[in-house]
Amino acid sequence: MSVLAELQLTASADAWRAAGLLDESGVALFGSVAVRVRPPEPGRPSGLTGWTFATDEPGPHDIDGIHTSYLDLSTFGPQRSGLYGFDHVVVMTDSIDRTCSAIHGALGLPLKRIREAGSVRQGFHRAGDAIIEVVETAQHPEPHPFLWGLVFTVADLDEWCRRVGPDVVGAVRPAVQPGRRITSIHTHTG
């Protein structure tokens, strides 16, 4: 069994604090998934740079090119946030078959389904409370898969958007899932 425990993010901590997401230790907690924010460094990539799984059988330190760390599942006791939940992390790839096979092989997480959406294919794995969404697109800009983004949930989306303001988030719109709504944090906020 494997559970998504943490995502590593290189970004401005100030932007995450302004959105009310980051505690004083540099960790944002979404349900049982921690996002550890580290400051940008010259010459190093920004954005999501790696992930950590709590598992009973650690695998390779790279899953199809994505930096991967492991914790012992028997000692993993996630703290939970009452403010936010974790929905999914998005992995962009040029080959959904290869990346989903690598996730299954390294973590034992079976591919639950594939969704065809025009020129985009999406594969889904469940890792504890979190979903790993693997997206294959012809416009994939990198020669290897990378962690593209994360989706978290809030109890009251309208209230949260009012609190953080339009400089941080965009307009609320219908999500792909019926009855759900979504917004995006502006890229310029970091």
# chains A, B, ... in the order shown; residues from 1 in each chain; ligands from 1
>>> select_by_dssp(residues="region 60-155 of chain A", states="helix (DSSP H, G or I)", output="short mmCIF file (atom, residue, chain, number, x, y, z; two decimals) with N, CA, C and O atoms, in the first residue's frame")
data_model
loop_
_atom_site.label_atom_id
_atom_site.label_comp_id
_atom_site.auth_asym_id
_atom_site.auth_seq_id
_atom_site.Cartn_x
_atom_site.Cartn_y
_atom_site.Cartn_z
N LEU A 73 5.53 3.31 5.95
CA LEU A 73 4.08 3.37 6.17
C LEU A 73 3.71 3.03 7.60
O LEU A 73 2.79 3.62 8.17
N SER A 74 4.46 2.12 8.23
CA SER A 74 4.10 1.70 9.59
C SER A 74 4.33 2.81 10.62
O SER A 74 3.74 2.78 11.70
N THR A 75 5.16 3.79 10.29
CA THR A 75 5.41 4.89 11.23
C THR A 75 4.78 6.20 10.77
O THR A 75 4.91 7.21 11.45
N ILE A 96 1.04 8.29 -21.37
CA ILE A 96 0.23 7.87 -20.23
C ILE A 96 0.49 6.40 -19.88
O ILE A 96 0.54 6.03 -18.72
N ASP A 97 0.69 5.58 -20.90
CA ASP A 97 0.93 4.15 -20.66
C ASP A 97 2.22 3.95 -19.87
O ASP A 97 2.25 3.21 -18.89
N ARG A 98 3.30 4.60 -20.30
CA ARG A 98 4.60 4.45 -19.63
C ARG A 98 4.54 4.99 -18.19
O ARG A 98 4.96 4.33 -17.25
N THR A 99 3.99 6.20 -18.02
CA THR A 99 3.98 6.83 -16.69
C THR A 99 3.06 6.07 -15.73
O THR A 99 3.43 5.83 -14.59
N CYS A 100 1.89 5.67 -16.19
CA CYS A 100 0.98 4.91 -15.32
C CYS A 100 1.57 3.55 -14.97
O CYS A 100 1.43 3.09 -13.83
N SER A 101 2.28 2.93 -15.90
CA SER A 101 2.95 1.66 -15.60
C SER A 101 4.05 1.87 -14.56
O SER A 101 4.24 1.03 -13.67
N ALA A 102 4.79 2.98 -14.67
CA ALA A 102 5.86 3.27 -13.71
C ALA A 102 5.28 3.51 -12.32
O ALA A 102 5.83 3.04 -11.31
N ILE A 103 4.16 4.22 -12.23
CA ILE A 103 3.50 4.46 -10.93
C ILE A 103 3.03 3.14 -10.34
O ILE A 103 3.25 2.85 -9.16
N HIS A 104 2.40 2.32 -11.16
CA HIS A 104 1.93 1.02 -10.68
C HIS A 104 3.10 0.15 -10.23
O HIS A 104 3.06 -0.46 -9.16
N GLY A 105 4.16 0.12 -11.04
CA GLY A 105 5.31 -0.72 -10.70
C GLY A 105 6.03 -0.27 -9.44
O GLY A 105 6.43 -1.10 -8.62
N ALA A 106 6.19 1.03 -9.26
CA ALA A 106 6.93 1.55 -8.11
C ALA A 106 6.11 1.57 -6.83
O ALA A 106 6.64 1.37 -5.74
N LEU A 107 4.82 1.83 -6.95
CA LEU A 107 3.99 2.06 -5.77
C LEU A 107 2.89 1.02 -5.57
O LEU A 107 2.21 1.03 -4.54
#
>>> residues_around(residues="Gly170 (chain A)", least_positions_apart="5", cutoff="8 Å", atoms="only C-alpha atoms", output="list in words")
Thr183, Ser184, Ile185 and His186 of chain A
>>> write_last_selection(atoms="N, CA, C and O atoms", output="mmCIF file, in the first residue's frame")
data_model
loop_
_atom_site.group_PDB
_atom_site.id
_atom_site.type_symbol
_atom_site.label_atom_id
_atom_site.label_comp_id
_atom_site.auth_asym_id
_atom_site.auth_seq_id
_atom_site.Cartn_x
_atom_site.Cartn_y
_atom_site.Cartn_z
ATOM 1 N N THR A 183 -11.715 27.143 -8.981
ATOM 2 C CA THR A 183 -11.019 28.371 -9.340
ATOM 3 C C THR A 183 -9.551 28.045 -9.419
ATOM 4 O O THR A 183 -9.122 26.976 -8.970
ATOM 5 N N SER A 184 -8.759 28.932 -9.984
ATOM 6 C CA SER A 184 -7.312 28.725 -10.079
ATOM 7 C C SER A 184 -6.609 29.868 -9.400
ATOM 8 O O SER A 184 -7.020 31.027 -9.516
ATOM 9 N N ILE A 185 -5.525 29.529 -8.713
ATOM 10 C CA ILE A 185 -4.660 30.557 -8.153
ATOM 11 C C ILE A 185 -3.825 31.096 -9.301
ATOM 12 O O ILE A 185 -3.276 30.330 -10.100
ATOM 13 N N HIS A 186 -3.751 32.416 -9.427
ATOM 14 C CA HIS A 186 -3.007 33.034 -10.518
ATOM 15 C C HIS A 186 -1.542 32.639 -10.465
ATOM 16 O O HIS A 186 -0.920 32.642 -9.393
#
>>> atom_distance(atom1="CA of Arg126 (chain A)", atom2="CA of Leu147 (chain A)")
15.9 Å
>>> closest_atom_pairs(of="region 34-91 of chain A", to="region 3-10 of chain A", cutoff="7 Å", atoms="only C-alpha atoms", output="tab-separated table")
residue	atom	partner	partner_atom	distance
A:Ala34	CA	A:Glu6	CA	4.6
A:Val35	CA	A:Leu7	CA	4.8
A:Arg36	CA	A:Gln8	CA	5.0
A:Val37	CA	A:Leu9	CA	4.8
A:Arg38	CA	A:Thr10	CA	4.8
A:Pro39	CA	A:Thr10	CA	5.6
A:Pro40	CA	A:Thr10	CA	5.5
A:Ser46	CA	A:Thr10	CA	4.7
A:Gly47	CA	A:Thr10	CA	5.1
A:Leu48	CA	A:Leu9	CA	4.4
A:Thr49	CA	A:Gln8	CA	5.6
A:Gly50	CA	A:Gln8	CA	5.1
A:Trp51	CA	A:Leu7	CA	4.4
A:Thr52	CA	A:Glu6	CA	5.0
A:Phe53	CA	A:Leu4	CA	4.6
A:Ala54	CA	A:Val3	CA	5.1
A:Thr55	CA	A:Val3	CA	6.4
>>> closest_residue(among="A:Val33, A:Val135, A:Leu109, A:Ala28", to="Thr93 (chain A)", atoms="only C-alpha atoms")
A:Val135
>>> residues_around(residues="Glu116 (chain A)", least_positions_apart="5", cutoff="12 Å", atoms="only C-alpha atoms", output="number ranges by chain")
A: 96, 121-124, 134-137
